[in-house]
$ cat protein_24.json   # JSON, C-alpha atoms
[["chain", "number", "residue", "atom", "x", "y", "z"],
["A", 1, "MET", "CA", 0.00, 0.00, 0.00],
["A", 2, "THR", "CA", 1.44, 3.34, -1.09],
["A", 3, "ALA", "CA", 1.13, 6.67, 0.68],
["A", 4, "SER", "CA", -1.41, 7.79, -1.93],
["A", 5, "THR", "CA", -3.64, 4.71, -1.52],
["A", 6, "PRO", "CA", -6.49, 5.37, 0.93],
["A", 7, "THR", "CA", -7.04, 3.06, 3.86],
["A", 8, "VAL", "CA", -10.11, 0.82, 3.56],
["A", 9, "SER", "CA", -12.35, -0.76, 6.18],
["A", 10, "VAL", "CA", -14.47, -3.62, 4.84],
["A", 11, "ILE", "CA", -17.73, -4.17, 6.74],
["A", 12, "VAL", "CA", -19.70, -7.41, 6.57],
["A", 13, "CYS", "CA", -23.08, -7.50, 8.35],
["A", 14, "ALA", "CA", -24.92, -10.70, 9.27],
["A", 15, "TYR", "CA", -28.14, -11.58, 11.07],
["A", 16, "THR", "CA", -28.74, -15.35, 10.83],
["A", 17, "GLN", "CA", -26.91, -18.61, 11.51],
["A", 18, "ARG", "CA", -28.54, -20.07, 8.37],
["A", 19, "ARG", "CA", -25.92, -18.23, 6.31],
["A", 20, "TRP", "CA", -22.95, -19.32, 8.42],
["A", 21, "GLN", "CA", -21.03, -20.91, 5.56],
["A", 22, "ASP", "CA", -21.81, -17.96, 3.27],
["A", 23, "LEU", "CA", -20.66, -15.57, 5.99],
["A", 24, "GLN", "CA", -17.36, -17.39, 6.33],
["A", 25, "ASP", "CA", -16.80, -17.26, 2.56],
["A", 26, "SER", "CA", -17.65, -13.55, 2.51],
["A", 27, "VAL", "CA", -15.36, -12.59, 5.37],
["A", 28, "GLU", "CA", -12.46, -14.63, 4.02],
["A", 29, "SER", "CA", -12.83, -12.98, 0.60],
["A", 30, "ALA", "CA", -12.73, -9.59, 2.35],
["A", 31, "ARG", "CA", -9.61, -10.56, 4.31],
["A", 32, "ALA", "CA", -7.93, -11.59, 1.03],
["A", 33, "GLN", "CA", -8.24, -8.08, -0.44],
["A", 34, "ALA", "CA", -4.75, -6.58, -0.73],
["A", 35, "GLU", "CA", -6.08, -3.07, -0.04],
["A", 36, "ALA", "CA", -8.15, -3.95, 3.04],
["A", 37, "THR", "CA", -6.78, -2.18, 6.11],
["A", 38, "GLU", "CA", -9.28, -3.88, 8.42],
["A", 39, "VAL", "CA", -12.33, -6.15, 8.27],
["A", 40, "ILE", "CA", -15.26, -5.50, 10.60],
["A", 41, "VAL", "CA", -18.02, -8.06, 11.14],
["A", 42, "VAL", "CA", -21.28, -6.74, 12.61],
["A", 43, "ILE", "CA", -23.87, -9.18, 13.96],
["A", 44, "ASP", "CA", -27.44, -7.88, 13.99],
["A", 45, "HIS", "CA", -29.05, -8.76, 17.34],
["A", 46, "GLU", "CA", -28.20, -12.49, 17.22],
["A", 47, "PRO", "CA", -26.12, -13.38, 20.32],
["A", 48, "ALA", "CA", -25.42, -16.98, 19.31],
["A", 49, "LEU", "CA", -24.14, -15.92, 15.91],
["A", 50, "LEU", "CA", -22.04, -13.20, 17.55],
["A", 51, "ALA", "CA", -20.35, -15.79, 19.77],
["A", 52, "MET", "CA", -19.70, -18.05, 16.76],
["A", 53, "ALA", "CA", -18.18, -15.20, 14.75],
["A", 54, "GLN", "CA", -16.00, -13.95, 17.61],
["A", 55, "ASP", "CA", -14.68, -17.47, 18.08],
["A", 56, "ARG", "CA", -14.09, -17.91, 14.33],
["A", 57, "TRP", "CA", -12.25, -14.59, 13.84],
["A", 58, "PRO", "CA", -10.51, -13.65, 17.11],
["A", 59, "THR", "CA", -8.15, -11.22, 15.35],
["A", 60, "LEU", "CA", -10.91, -9.27, 13.59],
["A", 61, "THR", "CA", -13.27, -6.63, 14.95],
["A", 62, "VAL", "CA", -16.46, -8.68, 15.51],
["A", 63, "ILE", "CA", -19.17, -6.64, 17.21],
["A", 64, "ALA", "CA", -22.90, -6.51, 17.86],
["A", 65, "ASN", "CA", -25.19, -4.02, 16.17],
["A", 66, "GLU", "CA", -25.38, -1.08, 18.59],
["A", 67, "GLN", "CA", -28.29, 0.61, 16.83],
["A", 68, "THR", "CA", -31.84, -0.24, 15.74],
["A", 69, "GLN", "CA", -32.22, -3.81, 14.51],
["A", 70, "GLY", "CA", -31.80, -4.06, 10.76],
["A", 71, "LEU", "CA", -29.17, -3.77, 8.07],
["A", 72, "SER", "CA", -28.96, 0.02, 8.25],
["A", 73, "GLY", "CA", -28.28, 0.00, 11.99],
["A", 74, "ALA", "CA", -25.66, -2.72, 11.56],
["A", 75, "ARG", "CA", -23.93, -0.79, 8.79],
["A", 76, "ASN", "CA", -23.94, 2.38, 10.87],
["A", 77, "THR", "CA", -22.40, 0.46, 13.75],
["A", 78, "GLY", "CA", -19.63, -0.71, 11.45],
["A", 79, "VAL", "CA", -19.02, 2.82, 10.20],
["A", 80, "GLY", "CA", -18.79, 4.02, 13.80],
["A", 81, "HIS", "CA", -16.00, 1.53, 14.51],
["A", 82, "ALA", "CA", -14.19, 1.96, 11.18],
["A", 83, "THR", "CA", -10.84, 3.76, 11.23],
["A", 84, "SER", "CA", -10.27, 4.14, 7.49],
["A", 85, "GLU", "CA", -10.89, 6.84, 4.92],
["A", 86, "ILE", "CA", -12.91, 4.48, 2.71],
["A", 87, "VAL", "CA", -15.62, 2.17, 4.04],
["A", 88, "ALA", "CA", -16.57, -0.78, 1.82],
["A", 89, "PHE", "CA", -19.59, -3.02, 2.35],
["A", 90, "LEU", "CA", -19.92, -6.68, 1.37],
["A", 91, "ASP", "CA", -23.06, -8.72, 2.04],
["A", 92, "ASP", "CA", -22.82, -11.86, 4.15],
["A", 93, "ASP", "CA", -23.93, -13.97, 1.16],
["A", 94, "ALA", "CA", -21.57, -12.32, -1.36],
["A", 95, "THR", "CA", -18.00, -13.38, -2.16],
["A", 96, "ALA", "CA", -15.62, -10.79, -3.59],
["A", 97, "ASP", "CA", -13.16, -11.39, -6.41],
["A", 98, "ALA", "CA", -9.50, -10.90, -5.51],
["A", 99, "ASP", "CA", -9.37, -7.48, -7.22],
["A", 100, "TRP", "CA", -12.77, -6.28, -5.97],
["A", 101, "LEU", "CA", -11.32, -3.36, -4.00],
["A", 102, "THR", "CA", -8.64, -2.59, -6.59],
["A", 103, "TRP", "CA", -11.24, -1.61, -9.16],
["A", 104, "MET", "CA", -13.33, 0.35, -6.66],
["A", 105, "LEU", "CA", -10.39, 2.37, -5.39],
["A", 106, "ASP", "CA", -9.48, 3.53, -8.89],
["A", 107, "SER", "CA", -12.59, 5.71, -8.88],
["A", 108, "PHE", "CA", -11.65, 7.43, -5.62],
["A", 109, "SER", "CA", -8.63, 9.01, -7.30],
["A", 110, "ASP", "CA", -11.18, 11.68, -8.26],
["A", 111, "PRO", "CA", -11.79, 13.70, -5.07],
["A", 112, "ASN", "CA", -15.39, 14.33, -6.12],
["A", 113, "VAL", "CA", -16.24, 10.63, -6.07],
["A", 114, "ALA", "CA", -18.10, 9.94, -2.83],
["A", 115, "GLY", "CA", -19.29, 6.40, -3.54],
["A", 116, "VAL", "CA", -18.68, 3.47, -5.86],
["A", 117, "GLY", "CA", -20.74, 0.36, -6.53],
["A", 118, "GLY", "CA", -19.58, -2.88, -8.06],
["A", 119, "HIS", "CA", -21.16, -5.60, -10.17],
["A", 120, "ALA", "CA", -23.03, -8.44, -8.42],
["A", 121, "GLU", "CA", -23.33, -11.69, -10.35],
["A", 122, "PRO", "CA", -26.06, -14.10, -9.15],
["A", 123, "VAL", "CA", -25.20, -17.61, -8.00],
["A", 124, "TRP", "CA", -28.43, -19.57, -8.39],
["A", 125, "PRO", "CA", -29.48, -22.54, -6.24],
["A", 126, "ASP", "CA", -30.25, -24.48, -9.43],
["A", 127, "ALA", "CA", -27.54, -24.93, -12.05],
["A", 128, "LYS", "CA", -30.17, -24.30, -14.76],
["A", 129, "GLY", "CA", -30.49, -20.72, -13.60],
["A", 130, "PRO", "CA", -33.59, -18.63, -12.89],
["A", 131, "ALA", "CA", -36.98, -19.78, -14.10],
["A", 132, "LEU", "CA", -38.73, -16.50, -13.24],
["A", 133, "TYR", "CA", -36.16, -13.77, -13.59],
["A", 134, "ALA", "CA", -35.35, -12.01, -16.80],
["A", 135, "ASP", "CA", -32.01, -10.22, -16.54],
["A", 136, "GLU", "CA", -33.89, -6.92, -16.10],
["A", 137, "LEU", "CA", -35.37, -8.18, -12.80],
["A", 138, "LEU", "CA", -32.16, -9.28, -11.10],
["A", 139, "TRP", "CA", -32.31, -6.28, -8.73],
["A", 140, "ILE", "CA", -35.05, -8.21, -6.92],
["A", 141, "VAL", "CA", -32.45, -10.74, -5.76],
["A", 142, "GLY", "CA", -29.87, -8.04, -5.01],
["A", 143, "CYS", "CA", -27.80, -8.41, -8.18],
["A", 144, "SER", "CA", -26.81, -6.27, -11.13],
["A", 145, "TYR", "CA", -29.50, -6.16, -13.80],
["A", 146, "ARG", "CA", -29.78, -5.40, -17.50],
["A", 147, "GLY", "CA", -30.31, -1.67, -17.81],
["A", 148, "LEU", "CA", -27.26, -0.69, -15.77],
["A", 149, "PRO", "CA", -24.27, 0.82, -17.61],
["A", 150, "THR", "CA", -21.92, -1.71, -19.18],
["A", 151, "GLU", "CA", -18.85, 0.48, -18.53],
["A", 152, "HIS", "CA", -17.70, 2.72, -15.69],
["A", 153, "ALA", "CA", -20.29, 5.49, -15.34],
["A", 154, "ASP", "CA", -22.01, 7.85, -12.93],
["A", 155, "VAL", "CA", -25.24, 6.49, -11.46],
["A", 156, "ARG", "CA", -27.86, 7.67, -8.99],
["A", 157, "ASN", "CA", -27.28, 4.87, -6.51],
["A", 158, "VAL", "CA", -25.27, 1.70, -5.97],
["A", 159, "ILE", "CA", -26.27, -1.90, -5.17],
["A", 160, "GLY", "CA", -26.01, -2.66, -1.47],
["A", 161, "CYS", "CA", -24.16, -5.98, -1.55],
["A", 162, "THR", "CA", -21.05, -4.40, -3.09],
["A", 163, "MET", "CA", -20.31, -0.73, -2.47],
["A", 164, "ALA", "CA", -17.79, 1.67, -0.97],
["A", 165, "PHE", "CA", -18.00, 5.27, 0.27],
["A", 166, "ARG", "CA", -15.77, 7.90, 1.72],
["A", 167, "ARG", "CA", -16.41, 7.58, 5.43],
["A", 168, "ALA", "CA", -16.67, 11.37, 5.77],
["A", 169, "ALA", "CA", -19.50, 11.43, 3.20],
["A", 170, "ILE", "CA", -21.49, 8.82, 5.15],
["A", 171, "VAL", "CA", -21.00, 10.69, 8.43],
["A", 172, "THR", "CA", -22.00, 14.03, 6.89],
["A", 173, "ALA", "CA", -25.15, 12.44, 5.42],
["A", 174, "GLY", "CA", -26.12, 11.07, 8.83],
["A", 175, "GLY", "CA", -25.48, 7.43, 7.95],
["A", 176, "PHE", "CA", -27.92, 4.88, 6.57],
["A", 177, "SER", "CA", -31.54, 5.58, 7.40],
["A", 178, "THR", "CA", -32.90, 3.06, 9.91],
["A", 179, "ALA", "CA", -36.46, 3.77, 8.74],
["A", 180, "VAL", "CA", -35.87, 2.06, 5.39],
["A", 181, "GLY", "CA", -33.87, -0.97, 4.41],
["A", 182, "ARG", "CA", -33.98, -4.63, 5.31],
["A", 183, "VAL", "CA", -34.98, -5.80, 8.77],
["A", 184, "GLY", "CA", -34.59, -9.56, 9.16],
["A", 185, "ASN", "CA", -36.73, -11.27, 6.52],
["A", 186, "ILE", "CA", -38.79, -8.18, 5.62],
["A", 187, "PRO", "CA", -37.52, -7.42, 2.08],
["A", 188, "LEU", "CA", -37.38, -3.66, 2.33],
["A", 189, "GLY", "CA", -35.03, -1.63, 0.18],
["A", 190, "GLY", "CA", -34.02, 1.93, -0.42],
["A", 191, "GLU", "CA", -31.33, 2.55, 2.20],
["A", 192, "GLU", "CA", -28.48, 2.74, -0.33],
["A", 193, "THR", "CA", -30.58, 4.93, -2.60],
["A", 194, "GLU", "CA", -31.46, 7.24, 0.29],
["A", 195, "LEU", "CA", -27.81, 7.59, 1.28],
["A", 196, "CYS", "CA", -26.60, 8.27, -2.26],
["A", 197, "ILE", "CA", -29.29, 10.90, -2.88],
["A", 198, "THR", "CA", -28.62, 12.57, 0.48],
["A", 199, "ILE", "CA", -24.89, 12.74, -0.27],
["A", 200, "ARG", "CA", -25.50, 14.39, -3.64],
["A", 201, "GLN", "CA", -28.13, 16.79, -2.32],
["A", 202, "ALA", "CA", -25.66, 17.92, 0.36],
["A", 203, "ASP", "CA", -22.88, 18.30, -2.22],
["A", 204, "PRO", "CA", -24.01, 18.67, -5.86],
["A", 205, "ALA", "CA", -20.42, 18.09, -7.02],
["A", 206, "ALA", "CA", -20.34, 14.64, -5.39],
["A", 207, "ARG", "CA", -20.27, 11.69, -7.77],
["A", 208, "ILE", "CA", -21.66, 8.18, -7.30],
["A", 209, "CYS", "CA", -20.13, 5.69, -9.75],
["A", 210, "TYR", "CA", -20.71, 2.18, -10.99],
["A", 211, "GLU", "CA", -17.65, 0.05, -11.75],
["A", 212, "PRO", "CA", -18.69, -3.21, -13.45],
["A", 213, "MET", "CA", -15.17, -4.63, -13.25],
["A", 214, "SER", "CA", -15.44, -4.77, -9.44],
["A", 215, "LEU", "CA", -17.11, -8.17, -9.11],
["A", 216, "VAL", "CA", -18.81, -10.15, -6.37],
["A", 217, "ASN", "CA", -20.70, -13.43, -6.64],
["A", 218, "HIS", "CA", -23.98, -13.05, -4.76],
["A", 219, "ARG", "CA", -25.68, -16.25, -3.65],
["A", 220, "VAL", "CA", -29.43, -16.42, -4.29],
["A", 221, "SER", "CA", -31.24, -18.64, -1.80],
["A", 222, "ALA", "CA", -33.96, -20.98, -3.03],
["A", 223, "ASP", "CA", -36.73, -18.99, -1.32],
["A", 224, "ARG", "CA", -35.88, -15.96, -3.48],
["A", 225, "ALA", "CA", -36.48, -17.84, -6.72],
["A", 226, "THR", "CA", -40.22, -18.01, -6.10],
["A", 227, "TRP", "CA", -43.33, -16.06, -7.13],
["A", 228, "ARG", "CA", -43.99, -15.16, -3.52],
["A", 229, "TYR", "CA", -40.61, -13.54, -2.98],
["A", 230, "LEU", "CA", -40.76, -11.73, -6.32],
["A", 231, "SER", "CA", -44.12, -10.17, -5.48],
["A", 232, "ARG", "CA", -43.22, -9.31, -1.85],
["A", 233, "ARG", "CA", -39.87, -7.79, -2.74],
["A", 234, "SER", "CA", -41.44, -5.72, -5.52],
["A", 235, "PHE", "CA", -44.26, -4.59, -3.24],
["A", 236, "TYR", "CA", -41.91, -3.47, -0.48],
["A", 237, "GLU", "CA", -39.64, -1.74, -2.98],
["A", 238, "GLY", "CA", -42.62, 0.32, -4.10],
["A", 239, "VAL", "CA", -43.36, 1.36, -0.51],
["A", 240, "SER", "CA", -39.72, 2.29, 0.06],
["A", 241, "LYS", "CA", -39.68, 4.44, -3.06],
["A", 242, "ALA", "CA", -42.85, 6.25, -1.92],
["A", 243, "VAL", "CA", -41.21, 7.04, 1.41],
["A", 244, "LEU", "CA", -38.07, 8.33, -0.28],
["A", 245, "SER", "CA", -40.13, 10.42, -2.73],
["A", 246, "ARG", "CA", -42.00, 12.13, 0.10],
["A", 247, "THR", "CA", -38.79, 12.84, 2.01],
["A", 248, "LEU", "CA", -36.21, 13.53, -0.71],
["A", 249, "GLY", "CA", -38.39, 14.62, -3.65],
["A", 250, "ARG", "CA", -39.84, 12.69, -6.58],
["A", 251, "GLY", "CA", -37.24, 13.96, -9.04],
["A", 252, "ASP", "CA", -34.25, 12.37, -7.32],
["A", 253, "SER", "CA", -36.07, 9.39, -5.87],
["A", 254, "LEU", "CA", -37.68, 8.23, -9.15],
["A", 255, "SER", "CA", -35.19, 9.43, -11.77],
["A", 256, "SER", "CA", -33.82, 5.95, -12.54],
["A", 257, "GLU", "CA", -37.17, 4.20, -12.17],
["A", 258, "SER", "CA", -38.85, 6.38, -14.80],
["A", 259, "SER", "CA", -36.59, 5.27, -17.66],
["A", 260, "TYR", "CA", -36.54, 1.69, -16.32],
["A", 261, "LEU", "CA", -40.34, 1.46, -16.39],
["A", 262, "THR", "CA", -40.87, 3.21, -19.71],
["A", 263, "ARG", "CA", -37.97, 1.79, -21.74],
["A", 264, "VAL", "CA", -36.20, -1.18, -20.14],
["A", 265, "LEU", "CA", -39.13, -3.27, -18.89],
["A", 266, "PRO", "CA", -41.42, -2.90, -21.95],
["A", 267, "GLY", "CA", -38.62, -4.14, -24.20],
["A", 268, "ALA", "CA", -37.94, -7.05, -21.85],
["A", 269, "PHE", "CA", -41.63, -7.95, -21.69],
["A", 270, "LEU", "CA", -41.97, -8.08, -25.50],
["A", 271, "ARG", "CA", -38.74, -10.06, -25.85],
["A", 272, "GLU", "CA", -39.88, -12.67, -23.34],
["A", 273, "LEU", "CA", -43.32, -12.96, -24.95],
["A", 274, "SER", "CA", -41.54, -13.90, -28.18],
["A", 275, "ARG", "CA", -39.87, -16.76, -26.30],
["A", 276, "THR", "CA", -43.06, -18.47, -25.15],
["A", 277, "GLY", "CA", -42.38, -22.18, -25.01],
["A", 278, "ARG", "CA", -38.82, -21.57, -23.82],
["A", 279, "GLY", "CA", -39.82, -20.10, -20.48],
["A", 280, "GLY", "CA", -40.49, -16.67, -21.90],
["A", 281, "GLY", "CA", -44.17, -16.66, -20.98],
["A", 282, "LYS", "CA", -43.35, -17.23, -17.32],
["A", 283, "ARG", "CA", -40.69, -14.51, -17.33],
["A", 284, "ALA", "CA", -43.05, -12.08, -19.09],
["A", 285, "ALA", "CA", -45.66, -12.77, -16.41],
["A", 286, "ALA", "CA", -43.01, -12.12, -13.74],
["A", 287, "ILE", "CA", -42.24, -8.74, -15.31],
["A", 288, "ALA", "CA", -45.92, -7.82, -15.31],
["A", 289, "LEU", "CA", -46.32, -8.95, -11.69],
["A", 290, "THR", "CA", -43.26, -6.95, -10.66],
["A", 291, "VAL", "CA", -44.72, -3.77, -12.12],
["A", 292, "LEU", "CA", -48.15, -4.33, -10.55],
["A", 293, "ALA", "CA", -46.73, -5.17, -7.11],
["A", 294, "THR", "CA", -44.34, -2.23, -7.14],
["A", 295, "VAL", "CA", -47.11, 0.20, -8.14],
["A", 296, "ALA", "CA", -49.35, -1.21, -5.39],
["A", 297, "GLY", "CA", -46.58, -0.79, -2.83],
["A", 298, "TYR", "CA", -45.89, 2.75, -3.99],
["A", 299, "ALA", "CA", -49.59, 3.58, -3.67],
["A", 300, "LEU", "CA", -49.68, 2.25, -0.11],
["A", 301, "GLY", "CA", -46.56, 4.18, 0.82],
["A", 302, "ALA", "CA", -47.96, 7.37, -0.68],
["A", 303, "VAL", "CA", -51.26, 6.99, 1.16],
["A", 304, "SER", "CA", -49.53, 6.25, 4.49],
["A", 305, "GLY", "CA", -47.78, 9.63, 4.36],
["A", 306, "ALA", "CA", -44.73, 8.26, 6.19],
["A", 307, "LYS", "CA", -41.35, 9.91, 5.86],
["A", 308, "ALA", "CA", -37.94, 8.31, 6.15],
["A", 309, "SER", "CA", -37.26, 10.47, 9.20],
["A", 310, "ASP", "CA", -40.07, 8.67, 11.08],
["A", 311, "SER", "CA", -37.69, 6.03, 12.44],
["A", 312, "GLY", "CA", -39.31, 2.62, 12.69],
["A", 313, "SER", "CA", -42.71, 3.68, 11.38],
["A", 314, "VAL", "CA", -42.19, 2.28, 7.91],
["A", 315, "VAL", "CA", -41.30, -1.17, 9.19],
["A", 316, "LYS", "CA", -44.35, -1.26, 11.47],
["A", 317, "GLN", "CA", -46.67, -0.20, 8.66],
["A", 318, "LEU", "CA", -45.24, -2.83, 6.33],
["A", 319, "GLU", "CA", -45.56, -5.55, 8.94],
["A", 320, "ARG", "CA", -49.24, -4.67, 9.34],
["A", 321, "ALA", "CA", -49.65, -4.63, 5.54],
["A", 322, "ALA", "CA", -47.97, -8.02, 5.24],
["A", 323, "VAL", "CA", -50.37, -9.51, 7.79],
["A", 324, "ALA", "CA", -53.33, -7.97, 5.97],
["A", 325, "ARG", "CA", -52.16, -9.44, 2.69]]
$ encode --input "protein_24.json" --output "structure tokens"
Amino acid sequence: MTASTPTVSVIVCAYTQRRWQDLQDSVESARAQAEATEVIVVIDHEPALLAMAQDRWPTLTVIANEQTQGLSGARNTGVGHATSEIVAFLDDDATADADWLTWMLDSFSDPNVAGVGGHAEPVWPDAKGPALYADELLWIVGCSYRGLPTEHADVRNVIGCTMAFRRAAIVTAGGFSTAVGRVGNIPLGGEETELCITIRQADPAARICYEPMSLVNHRVSADRATWRYLSRRSFYEGVSKAVLSRTLGRGDSLSSESSYLTRVLPGAFLRELSRTGRGGGKRAAAIALTVLATVAGYALGAVSGAKASDSGSVVKQLERAAVAR
């Protein structure tokens, strides 16, 4: 590491023993990064898993989530303990390539770059691949999807399983919002989007970039390759976007979604319809269901009138909605 290379803290957050092997693979891939100054493992309100992780990695910083339960609170806890200029995040079910950080750090040579996201390749539970998901829908399982840039480019927001920020930018933005984002098995989203928008609203010169050469392999569990998960994840994404729109403004919150809905998805739907008999009909139906569920979720979020600053209210409303559904 040269004097000009920034220090990097890699944070891996986990919440369940069911992903123990995935967590080990993730942490070891983080430790193997040549540029990693430190690796921090944050366990989200799961004492047994915390004890297992502390025993497995006695030389690492392995700590409990000190904030509100959920991924945002766990990430904020990691940021609070990080000592480096750059803070990188890797999901507990994602494994980073050996040069994952190398590609990300290239972007930070520009002082205006506040955040960088990498490319997440899905690892499916079935070797045949997804039966439901057209490439345009891979965001539902937390992976890079068709419609993203194919080369290094500025974007509105990054994908949560593989991203890095200047620590100062996260602190100035107030960290990840604990009112949006995943809590346990509730498939909320929006926390990375909220952070990226807040960073850019605070500093219009700040850049958020996508670097497709920075690669992780993101495991997709069998329960996510189902109609039920597709519809729930889409529904909750719609609610999250409604909350962000009310708090941060429709222009920033829906800028990417507008072109995605009007250009990317219609083309994908027609393409898949032409492949009926080869699974295309099922994938076209999944695209239609995704749109309907997302719109329904957005409508619920808009009617609820909740804002991202109402900590915890979004999760409670969604839990009640899930029971009602």
$ closest_residue --input "protein_24.json" --among "A:Ala285, A:Leu49, A:Val158, A:Leu215" --to "Gln24 (chain A)" --atoms "all atoms listed in the file"
A:Leu49
$ atom_distance --input "protein_24.json" --atom1 "CA of Tyr145 (chain A)" --atom2 "CA of Tyr260 (chain A)"
10.8 Å
$ closest_atom_pairs --input "protein_24.json" --of "region 62-143 of chain A" --to "region 226-249 of chain A" --cutoff "9 Å" --atoms "only C-alpha atoms" --output "tab-separated table"
residue	atom	partner	partner_atom	distance
A:Ala131	CA	A:Thr226	CA	8.8
A:Leu132	CA	A:Thr226	CA	7.4
A:Tyr133	CA	A:Leu230	CA	8.8
A:Ile140	CA	A:Arg233	CA	6.4
A:Val141	CA	A:Leu230	CA	8.4
$ write_last_selection --input "protein_24.json" --atoms "C-alpha atoms" --output "PDB file, in the coordinates of the input"
ATOM      1  CA  ALA A 131     -36.980 -19.780 -14.100  1.00  0.00           C
ATOM      2  CA  LEU A 132     -38.730 -16.500 -13.240  1.00  0.00           C
ATOM      3  CA  TYR A 133     -36.160 -13.770 -13.590  1.00  0.00           C
ATOM      4  CA  ILE A 140     -35.050  -8.210  -6.920  1.00  0.00           C
ATOM      5  CA  VAL A 141     -32.450 -10.740  -5.760  1.00  0.00           C
TER       6      VAL A 141
END
$ atom_distance --input "protein_24.json" --atom1 "CA of Leu292 (chain A)" --atom2 "CA of Leu261 (chain A)"
11.3 Å
$ axis_aligned_box --input "protein_24.json" --around "region 142-152 of chain A" --padding-each-side "5 Å" --output "AutoDock Vina command-line options"
--center_x -24.0 --center_y -2.8 --center_z -12.1 --size_x 22.6 --size_y 21.1 --size_z 24.2
$ atom_distance --input "protein_24.json" --atom1 "CA of Ala153 (chain A)" --atom2 "CA of Asp110 (chain A)"
13.1 Å
$ closest_residue --input "protein_24.json" --among "A:Ile199, A:Met163, A:Ala205, A:Ala284" --to "Gly117 (chain A)" --atoms "all atoms listed in the file"
A:Met163
$ residues_near_point --input "protein_24.json" --point "(-21.7, -11.2, 19.8)" --cutoff "12 Å" --atoms "only C-alpha atoms" --output "compact mmCIF listing (two decimals) with C-alpha atoms, in the frame of the given file"
# COMPACT_ATOMS: atom_id res chain seq x y z
CA ALA A 14 -24.92 -10.70 9.27
CA TYR A 15 -28.14 -11.58 11.07
CA VAL A 41 -18.02 -8.06 11.14
CA VAL A 42 -21.28 -6.74 12.61
CA ILE A 43 -23.87 -9.18 13.96
CA ASP A 44 -27.44 -7.88 13.99
CA HIS A 45 -29.05 -8.76 17.34
CA GLU A 46 -28.20 -12.49 17.22
CA PRO A 47 -26.12 -13.38 20.32
CA ALA A 48 -25.42 -16.98 19.31
CA LEU A 49 -24.14 -15.92 15.91
CA LEU A 50 -22.04 -13.20 17.55
CA ALA A 51 -20.35 -15.79 19.77
CA MET A 52 -19.70 -18.05 16.76
CA ALA A 53 -18.18 -15.20 14.75
CA GLN A 54 -16.00 -13.95 17.61
CA ASP A 55 -14.68 -17.47 18.08
CA ARG A 56 -14.09 -17.91 14.33
CA TRP A 57 -12.25 -14.59 13.84
CA PRO A 58 -10.51 -13.65 17.11
CA THR A 61 -13.27 -6.63 14.95
CA VAL A 62 -16.46 -8.68 15.51
CA ILE A 63 -19.17 -6.64 17.21
CA ALA A 64 -22.90 -6.51 17.86
CA ASN A 65 -25.19 -4.02 16.17
CA GLU A 66 -25.38 -1.08 18.59
